[in-house]
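Asker: Okay, here's the structure, questions in a sec.
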Amino acid sequence: RSVLRRSALTRRFAIGGPCPLATFQPQSYRSFSSKVVTRKSKVPQAVTYELTEAVKLMKAFATARFDESVEVAMKLGVDPRKPNQMVRGLAELPHGLGKTVRVAVFAKGPKAAEAEAAGADLVGAEDLAEKIQNGLLDFDRVIATPDCMGIVGKVARILGPRGMMPNPKMGTITMDIEAGIQACKQGQVSFKTDRAGAMSSPVGKVSFDDRKLVENITQLIEDVERAKPPSAVGTYFVKAFISSTMGKGFRLNTKLPPFIKPKSTRSSAKSAE
């Protein structure tokens with residue numbers, strides 16, 4: 001059928017002008033820009049990279065005109081369809097994310113005053129839920145006290161798909177409002193596996209020093225390791241990649257630290273036991 005269409009188009013444009021199929025060139029025959037060629041020549045022919053090397057390569061490919069975010073994506077050896085193999089938790093990044101985190105707090109009475117004193121950007125109860133229903137989404141994290149969860153349920157369909165629904169396992173349903181706000185402001189990020197067992201999390205900005213990015217990524221991996229379900233068997237870190245917002249992704253070697261502990265650390269842990 002495709003051959004008949006090609007011949008029909010050729011006959012159709014034989015009289016009126018050149019056939020567009022005659023001037024079409026596949027992707028492999030097009031000439032790439034010098035910028036793309038330069039980028040391709042920078043990459044050594046390797047399959048996986050050690051974390052420090054991958055960070056340097058990622059930054060070399062981050063050529064956008066804005067400060068790109070850095071993300072780490074991982075494929076874990078779990079089956080999230082089973083309720084006892086869901087991986088979720090919080091990571092306290094030592095150097096933050098390099099951006100201002102806006103926090104909304106559902107609280108009443110003295111807890112609302114405590115939230116305002118702790119630096120919350122939005123504080124309220126029924127009035128805050130009404131603003132969210134009217135389209136107000138100028139915040140990144142949501143914290144709620146247990147007595148306000150009935151109010152939060154009214155906007156669950158709005159907050160849930162955006163990953164901002166308060167959850168006691170994530171530390172966002174708490175009576176310690178001040179500590180929750182400080183944790184969110186200082187670079188606390190949440191992670192959760194999807195249906196395929198994959199997850200992604202921001203770890204900073206391209207403008208960060210290599211050392212800061214490595215330490216943030218190491219902390220994230222350690223927190224994900226601590227959240228490993230007891231029922232998970234086999235290889236836990238199957239794949240891992242690092243990339244910037246507009247740059248190329250690089251696969252990390254999951255057989256090297258920080259994905260596995262050095263032998264010296266293992267021996268010291270056994271001796272301590």
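How things are named: the first chain in the structure tokens is A, the next is B, and so on; residues count from 1 in each chain; ligands count from 1 in the order shown.
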Leaving out A:Ser190 and any residue of its chain fewer than 4 positions from it, which residues lie within 12 Å of it when counting only C-alpha atoms, given as an MDAnalysis selection string?
Answerer: chainID A and resid 87:93 140:141 163:167 169:172 183:184 199:203 220 223:224 227
Asker: Any chance you could export the current selection's N, CA and C atoms as a PDB file, in the first residue's frame?
Answerer:
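As a result, selection-v9.pdb now contains:
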ATOM      1  N   VAL A  87       7.760   1.653  47.633  1.00  0.00           N
ATOM      2  CA  VAL A  87       8.888   2.405  48.173  1.00  0.00           C
ATOM      3  C   VAL A  87       8.541   3.886  48.146  1.00  0.00           C
ATOM      4  N   ARG A  88       8.526   4.489  49.308  1.00  0.00           N
ATOM      5  CA  ARG A  88       8.259   5.925  49.401  1.00  0.00           C
ATOM      6  C   ARG A  88       8.920   6.454  50.670  1.00  0.00           C
ATOM      7  N   GLY A  89       9.253   7.720  50.650  1.00  0.00           N
ATOM      8  CA  GLY A  89       9.892   8.305  51.819  1.00  0.00           C
ATOM      9  C   GLY A  89      10.362   9.719  51.549  1.00  0.00           C
ATOM     10  N   LEU A  90      11.197  10.213  52.430  1.00  0.00           N
ATOM     11  CA  LEU A  90      11.731  11.571  52.360  1.00  0.00           C
ATOM     12  C   LEU A  90      13.249  11.521  52.374  1.00  0.00           C
ATOM     13  N   ALA A  91      13.845  12.478  51.682  1.00  0.00           N
ATOM     14  CA  ALA A  91      15.301  12.614  51.661  1.00  0.00           C
ATOM     15  C   ALA A  91      15.661  14.030  52.084  1.00  0.00           C
ATOM     16  N   GLU A  92      16.541  14.124  53.071  1.00  0.00           N
ATOM     17  CA  GLU A  92      17.014  15.418  53.561  1.00  0.00           C
ATOM     18  C   GLU A  92      18.307  15.765  52.830  1.00  0.00           C
ATOM     19  N   LEU A  93      18.210  16.540  51.758  1.00  0.00           N
ATOM     20  CA  LEU A  93      19.396  16.883  50.977  1.00  0.00           C
ATOM     21  C   LEU A  93      20.245  17.890  51.747  1.00  0.00           C
ATOM     22  N   ASP A 140       4.535  24.645  46.830  1.00  0.00           N
ATOM     23  CA  ASP A 140       5.207  23.409  46.432  1.00  0.00           C
ATOM     24  C   ASP A 140       4.922  22.244  47.375  1.00  0.00           C
ATOM     25  N   ARG A 141       4.741  22.520  48.669  1.00  0.00           N
ATOM     26  CA  ARG A 141       4.476  21.475  49.648  1.00  0.00           C
ATOM     27  C   ARG A 141       3.270  21.860  50.494  1.00  0.00           C
ATOM     28  N   GLY A 163       0.954  15.334  43.602  1.00  0.00           N
ATOM     29  CA  GLY A 163       1.877  14.798  44.587  1.00  0.00           C
ATOM     30  C   GLY A 163       2.039  15.661  45.823  1.00  0.00           C
ATOM     31  N   MET A 164       1.030  16.465  46.147  1.00  0.00           N
ATOM     32  CA  MET A 164       1.127  17.370  47.285  1.00  0.00           C
ATOM     33  C   MET A 164       0.151  17.024  48.406  1.00  0.00           C
ATOM     34  N   MET A 165      -0.507  15.879  48.323  1.00  0.00           N
ATOM     35  CA  MET A 165      -1.451  15.493  49.362  1.00  0.00           C
ATOM     36  C   MET A 165      -0.696  15.126  50.640  1.00  0.00           C
ATOM     37  N   PRO A 166      -1.054  15.718  51.785  1.00  0.00           N
ATOM     38  CA  PRO A 166      -0.366  15.366  53.037  1.00  0.00           C
ATOM     39  C   PRO A 166      -0.491  13.891  53.365  1.00  0.00           C
ATOM     40  N   ASN A 167       0.585  13.343  53.951  1.00  0.00           N
ATOM     41  CA  ASN A 167       0.637  11.925  54.277  1.00  0.00           C
ATOM     42  C   ASN A 167       1.460  11.746  55.543  1.00  0.00           C
ATOM     43  N   LYS A 169       3.216   9.221  56.530  1.00  0.00           N
ATOM     44  CA  LYS A 169       4.488   8.566  56.243  1.00  0.00           C
ATOM     45  C   LYS A 169       5.511   9.535  55.667  1.00  0.00           C
ATOM     46  N   MET A 170       5.022  10.624  55.056  1.00  0.00           N
ATOM     47  CA  MET A 170       5.915  11.613  54.479  1.00  0.00           C
ATOM     48  C   MET A 170       6.208  12.745  55.456  1.00  0.00           C
ATOM     49  N   GLY A 171       5.636  12.675  56.649  1.00  0.00           N
ATOM     50  CA  GLY A 171       5.872  13.707  57.649  1.00  0.00           C
ATOM     51  C   GLY A 171       5.131  14.996  57.406  1.00  0.00           C
ATOM     52  N   THR A 172       4.128  14.975  56.530  1.00  0.00           N
ATOM     53  CA  THR A 172       3.384  16.198  56.227  1.00  0.00           C
ATOM     54  C   THR A 172       2.043  16.267  56.952  1.00  0.00           C
ATOM     55  N   ALA A 183      11.895  21.617  57.599  1.00  0.00           N
ATOM     56  CA  ALA A 183      12.382  20.512  56.768  1.00  0.00           C
ATOM     57  C   ALA A 183      12.071  20.757  55.296  1.00  0.00           C
ATOM     58  N   CYS A 184      10.886  21.260  55.018  1.00  0.00           N
ATOM     59  CA  CYS A 184      10.517  21.545  53.624  1.00  0.00           C
ATOM     60  C   CYS A 184      11.353  22.682  53.051  1.00  0.00           C
ATOM     61  N   MET A 199      11.306   5.750  39.826  1.00  0.00           N
ATOM     62  CA  MET A 199      11.119   7.007  40.558  1.00  0.00           C
ATOM     63  C   MET A 199      12.130   8.023  40.053  1.00  0.00           C
ATOM     64  N   SER A 200      11.810   9.293  40.219  1.00  0.00           N
ATOM     65  CA  SER A 200      12.730  10.374  39.871  1.00  0.00           C
ATOM     66  C   SER A 200      12.613  11.463  40.925  1.00  0.00           C
ATOM     67  N   SER A 201      13.723  12.144  41.165  1.00  0.00           N
ATOM     68  CA  SER A 201      13.748  13.167  42.202  1.00  0.00           C
ATOM     69  C   SER A 201      14.759  14.235  41.840  1.00  0.00           C
ATOM     70  N   PRO A 202      14.438  15.504  42.090  1.00  0.00           N
ATOM     71  CA  PRO A 202      15.435  16.567  41.881  1.00  0.00           C
ATOM     72  C   PRO A 202      16.497  16.512  42.968  1.00  0.00           C
ATOM     73  N   VAL A 203      17.716  16.882  42.610  1.00  0.00           N
ATOM     74  CA  VAL A 203      18.824  16.839  43.564  1.00  0.00           C
ATOM     75  C   VAL A 203      19.621  18.140  43.581  1.00  0.00           C
ATOM     76  N   LEU A 220      20.328  10.985  48.805  1.00  0.00           N
ATOM     77  CA  LEU A 220      19.090  10.449  48.230  1.00  0.00           C
ATOM     78  C   LEU A 220      19.160   8.931  48.103  1.00  0.00           C
ATOM     79  N   ASP A 223      18.835   7.235  51.475  1.00  0.00           N
ATOM     80  CA  ASP A 223      17.467   7.250  51.989  1.00  0.00           C
ATOM     81  C   ASP A 223      16.583   6.257  51.242  1.00  0.00           C
ATOM     82  N   VAL A 224      16.800   6.121  49.940  1.00  0.00           N
ATOM     83  CA  VAL A 224      16.045   5.129  49.175  1.00  0.00           C
ATOM     84  C   VAL A 224      16.423   3.717  49.626  1.00  0.00           C
ATOM     85  N   ALA A 227      14.633   2.826  52.731  1.00  0.00           N
ATOM     86  CA  ALA A 227      13.205   2.577  52.509  1.00  0.00           C
ATOM     87  C   ALA A 227      12.943   1.258  51.792  1.00  0.00           C
TER      88      ALA A 227
END
Asker: Once DSSP has gone over the backbone, tell me which residues of stretch 142-262 of chain A are in alpha helix (DSSP H), as a ChimeraX atom specification.
Answerer: /A:149-152,156-159,177-185,210-226
Asker: Taking only C-alpha atoms into account, which of A:Val206, A:Arg195, A:Lys131, A:Lys108 comes nearest A:Met246?
Answerer: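 Going through A:Val206, A:Arg195, A:Lys131, A:Lys108 one by one, the smallest distance to A:Met246 is for A:Val206.
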Asker: Which is closest to A:Val214 among A:Leu252, A:Leu51, A:Val189, A:Ala60, if we use only C-alpha atoms?
Answerer: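 Comparing A:Leu252, A:Leu51, A:Val189, A:Ala60 against A:Val214, the winner is A:Leu51.
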Asker: Mind checking DSSP for stretch 189-243 of chain A and telling me the strand (DSSP E or B) residues as a list in words?
Answerer: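 Written out, the strand (DSSP E or B) residues of stretch 189-243 of chain A are Val189, Ser190, Phe191, Lys192, Ala198, Met199, Ser200, Ser201, Pro202, Val203, Gly204, Lys205, Phe237, Val238, Lys239, Ala240, Phe241, Ile242 and Ser243 of chain A.
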Asker: Pull N, CA, C and O atoms from the residues just selected and write them as a PDB file, in the first residue's frame.
Answerer:
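Okay, this is what ended up in out.pdb:
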ATOM      1  N   VAL A 189      13.008  16.444  50.055  1.00  0.00           N
ATOM      2  CA  VAL A 189      12.323  15.992  48.847  1.00  0.00           C
ATOM      3  C   VAL A 189      11.679  14.637  49.126  1.00  0.00           C
ATOM      4  O   VAL A 189      12.191  13.842  49.915  1.00  0.00           O
ATOM      5  N   SER A 190      10.559  14.405  48.488  1.00  0.00           N
ATOM      6  CA  SER A 190       9.860  13.131  48.633  1.00  0.00           C
ATOM      7  C   SER A 190      10.098  12.265  47.408  1.00  0.00           C
ATOM      8  O   SER A 190      10.299  12.780  46.299  1.00  0.00           O
ATOM      9  N   PHE A 191      10.084  10.955  47.586  1.00  0.00           N
ATOM     10  CA  PHE A 191      10.235  10.029  46.469  1.00  0.00           C
ATOM     11  C   PHE A 191       9.216   8.913  46.633  1.00  0.00           C
ATOM     12  O   PHE A 191       8.823   8.553  47.744  1.00  0.00           O
ATOM     13  N   LYS A 192       8.806   8.387  45.494  1.00  0.00           N
ATOM     14  CA  LYS A 192       7.791   7.323  45.487  1.00  0.00           C
ATOM     15  C   LYS A 192       7.871   6.593  44.164  1.00  0.00           C
ATOM     16  O   LYS A 192       7.992   7.211  43.100  1.00  0.00           O
ATOM     17  N   ALA A 198       9.673   2.646  39.066  1.00  0.00           N
ATOM     18  CA  ALA A 198      10.635   3.710  38.784  1.00  0.00           C
ATOM     19  C   ALA A 198      10.306   4.941  39.613  1.00  0.00           C
ATOM     20  O   ALA A 198       9.166   5.138  40.041  1.00  0.00           O
ATOM     21  N   MET A 199      11.306   5.750  39.826  1.00  0.00           N
ATOM     22  CA  MET A 199      11.119   7.007  40.558  1.00  0.00           C
ATOM     23  C   MET A 199      12.130   8.023  40.053  1.00  0.00           C
ATOM     24  O   MET A 199      13.169   7.674  39.494  1.00  0.00           O
ATOM     25  N   SER A 200      11.810   9.293  40.219  1.00  0.00           N
ATOM     26  CA  SER A 200      12.730  10.374  39.871  1.00  0.00           C
ATOM     27  C   SER A 200      12.613  11.463  40.925  1.00  0.00           C
ATOM     28  O   SER A 200      11.541  11.671  41.498  1.00  0.00           O
ATOM     29  N   SER A 201      13.723  12.144  41.165  1.00  0.00           N
ATOM     30  CA  SER A 201      13.748  13.167  42.202  1.00  0.00           C
ATOM     31  C   SER A 201      14.759  14.235  41.840  1.00  0.00           C
ATOM     32  O   SER A 201      15.844  13.927  41.336  1.00  0.00           O
ATOM     33  N   PRO A 202      14.438  15.504  42.090  1.00  0.00           N
ATOM     34  CA  PRO A 202      15.435  16.567  41.881  1.00  0.00           C
ATOM     35  C   PRO A 202      16.497  16.512  42.968  1.00  0.00           C
ATOM     36  O   PRO A 202      16.213  16.157  44.120  1.00  0.00           O
ATOM     37  N   VAL A 203      17.716  16.882  42.610  1.00  0.00           N
ATOM     38  CA  VAL A 203      18.824  16.839  43.564  1.00  0.00           C
ATOM     39  C   VAL A 203      19.621  18.140  43.581  1.00  0.00           C
ATOM     40  O   VAL A 203      20.644  18.209  44.262  1.00  0.00           O
ATOM     41  N   GLY A 204      19.174  19.167  42.869  1.00  0.00           N
ATOM     42  CA  GLY A 204      19.896  20.431  42.889  1.00  0.00           C
ATOM     43  C   GLY A 204      19.863  21.127  41.549  1.00  0.00           C
ATOM     44  O   GLY A 204      19.002  20.864  40.703  1.00  0.00           O
ATOM     45  N   LYS A 205      20.825  22.024  41.348  1.00  0.00           N
ATOM     46  CA  LYS A 205      20.950  22.815  40.132  1.00  0.00           C
ATOM     47  C   LYS A 205      22.306  22.570  39.481  1.00  0.00           C
ATOM     48  O   LYS A 205      23.269  22.145  40.139  1.00  0.00           O
ATOM     49  N   PHE A 237      18.762  -1.801  43.240  1.00  0.00           N
ATOM     50  CA  PHE A 237      18.994  -0.727  42.271  1.00  0.00           C
ATOM     51  C   PHE A 237      19.277  -1.353  40.908  1.00  0.00           C
ATOM     52  O   PHE A 237      20.388  -1.782  40.629  1.00  0.00           O
ATOM     53  N   VAL A 238      18.262  -1.402  40.073  1.00  0.00           N
ATOM     54  CA  VAL A 238      18.411  -2.022  38.750  1.00  0.00           C
ATOM     55  C   VAL A 238      19.090  -1.063  37.785  1.00  0.00           C
ATOM     56  O   VAL A 238      20.076  -1.405  37.128  1.00  0.00           O
ATOM     57  N   LYS A 239      18.572   0.153  37.682  1.00  0.00           N
ATOM     58  CA  LYS A 239      19.144   1.167  36.798  1.00  0.00           C
ATOM     59  C   LYS A 239      19.062   2.514  37.492  1.00  0.00           C
ATOM     60  O   LYS A 239      18.181   2.747  38.321  1.00  0.00           O
ATOM     61  N   ALA A 240      19.954   3.420  37.093  1.00  0.00           N
ATOM     62  CA  ALA A 240      19.931   4.781  37.617  1.00  0.00           C
ATOM     63  C   ALA A 240      20.523   5.717  36.575  1.00  0.00           C
ATOM     64  O   ALA A 240      21.502   5.367  35.903  1.00  0.00           O
ATOM     65  N   PHE A 241      19.924   6.887  36.438  1.00  0.00           N
ATOM     66  CA  PHE A 241      20.362   7.861  35.443  1.00  0.00           C
ATOM     67  C   PHE A 241      20.391   9.244  36.086  1.00  0.00           C
ATOM     68  O   PHE A 241      19.603   9.554  36.982  1.00  0.00           O
ATOM     69  N   ILE A 242      21.286  10.087  35.581  1.00  0.00           N
ATOM     70  CA  ILE A 242      21.354  11.483  35.994  1.00  0.00           C
ATOM     71  C   ILE A 242      21.247  12.349  34.751  1.00  0.00           C
ATOM     72  O   ILE A 242      21.816  12.019  33.697  1.00  0.00           O
ATOM     73  N   SER A 243      20.503  13.441  34.844  1.00  0.00           N
ATOM     74  CA  SER A 243      20.314  14.317  33.693  1.00  0.00           C
ATOM     75  C   SER A 243      19.942  15.703  34.182  1.00  0.00           C
ATOM     76  O   SER A 243      19.511  15.890  35.324  1.00  0.00           O
TER      77      SER A 243
END
Asker: Could you give me, as an MDAnalysis selection string, the residues within 6 Å of A:Gly96, counting only C-alpha atoms and dropping anything in the same chain fewer than 2 positions from it?
Answerer: chainID A and resid 93:94 98 186:187
Asker: Restricting it to N, CA, C and O atoms, dump the selection as a PDB file, in the first residue's frame.
Answerer:
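Output file again-v3.pdb is given in full below:
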ATOM      1  N   LEU A  93      18.210  16.540  51.758  1.00  0.00           N
ATOM      2  CA  LEU A  93      19.396  16.883  50.977  1.00  0.00           C
ATOM      3  C   LEU A  93      20.245  17.890  51.747  1.00  0.00           C
ATOM      4  O   LEU A  93      19.740  18.942  52.163  1.00  0.00           O
ATOM      5  N   PRO A  94      21.524  17.615  51.948  1.00  0.00           N
ATOM      6  CA  PRO A  94      22.357  18.504  52.776  1.00  0.00           C
ATOM      7  C   PRO A  94      22.550  19.889  52.198  1.00  0.00           C
ATOM      8  O   PRO A  94      22.790  20.840  52.940  1.00  0.00           O
ATOM      9  N   GLY A  98      18.384  24.504  45.751  1.00  0.00           N
ATOM     10  CA  GLY A  98      18.755  25.721  45.049  1.00  0.00           C
ATOM     11  C   GLY A  98      17.581  26.569  44.624  1.00  0.00           C
ATOM     12  O   GLY A  98      17.708  27.399  43.724  1.00  0.00           O
ATOM     13  N   GLN A 186      14.378  23.589  53.906  1.00  0.00           N
ATOM     14  CA  GLN A 186      15.799  23.294  53.842  1.00  0.00           C
ATOM     15  C   GLN A 186      16.170  22.275  52.776  1.00  0.00           C
ATOM     16  O   GLN A 186      17.331  21.883  52.698  1.00  0.00           O
ATOM     17  N   GLY A 187      15.239  21.815  51.980  1.00  0.00           N
ATOM     18  CA  GLY A 187      15.587  20.917  50.878  1.00  0.00           C
ATOM     19  C   GLY A 187      15.119  19.500  51.047  1.00  0.00           C
ATOM     20  O   GLY A 187      15.744  18.570  50.538  1.00  0.00           O
TER      21      GLY A 187
END
Asker: Compare A:Gly247, A:Gly77, A:Asp209, A:Ala179 by their minimum atom-to-atom distance to A:Thr235, counting only C-alpha atoms, and give me the closest one.
Answerer: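 Looking only at the distances to A:Thr235, the closest residue turns out to be A:Gly77.
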Asker: With distances taken over only C-alpha atoms, which of A:Arg162, A:Lys82, A:Lys75, A:Arg65 is nearest to A:Ile221?
Answerer: A:Lys75
Asker: Of the candidates A:Val101, A:Ile158, A:Ile181, A:Ala232, which shows the shortest atom-to-atom distance to A:Met86, using only C-alpha atoms?
Answerer: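 Ranking A:Val101, A:Ile158, A:Ile181, A:Ala232 by distance to A:Met86, first place goes to A:Ala232.
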Asker: Set the distance at 12 Å and use only C-alpha atoms: which residues neighbour A:Ile177 once local chain neighbours fewer than 5 positions away are removed? I'd like the list as a PyMOL selection string.
Answerer: chain A and resi 103-108+110-120+123+142-146+171-172+182-184
Asker: Mind pulling up the distance from atom CA of A:Asn84 to atom CA of A:Asn253?
Answerer: 27.3 Å
Asker: Which residues, written as an MDAnalysis selection string, have at least one atom at most 9 Å from A:Thr52, with only C-alpha atoms counted and residues fewer than 4 positions away on the same chain left out?
Answerer: chainID A and resid 56:57 210:211 213:214
Asker: Can I get the selected residues back with C-alpha atoms, as a PDB file, in the first residue's frame?
Answerer:
ATOM      1  CA  LYS A  56      30.920  16.211  35.245  1.00  0.00           C
ATOM      2  CA  LEU A  57      29.534  14.891  31.945  1.00  0.00           C
ATOM      3  CA  ASP A 210      30.344  18.877  41.843  1.00  0.00           C
ATOM      4  CA  ARG A 211      30.876  18.032  45.507  1.00  0.00           C
ATOM      5  CA  LEU A 213      25.677  17.444  43.785  1.00  0.00           C
ATOM      6  CA  VAL A 214      27.514  14.235  44.677  1.00  0.00           C
TER       7      VAL A 214
END
Asker: Counting only C-alpha atoms, figure out which residue out of A:Lys185, A:Gln219, A:Ile260, A:Thr174 gets nearest to A:Asp121.
Answerer: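 Looking at the shortest contact to A:Asp121, the residue is A:Lys185.
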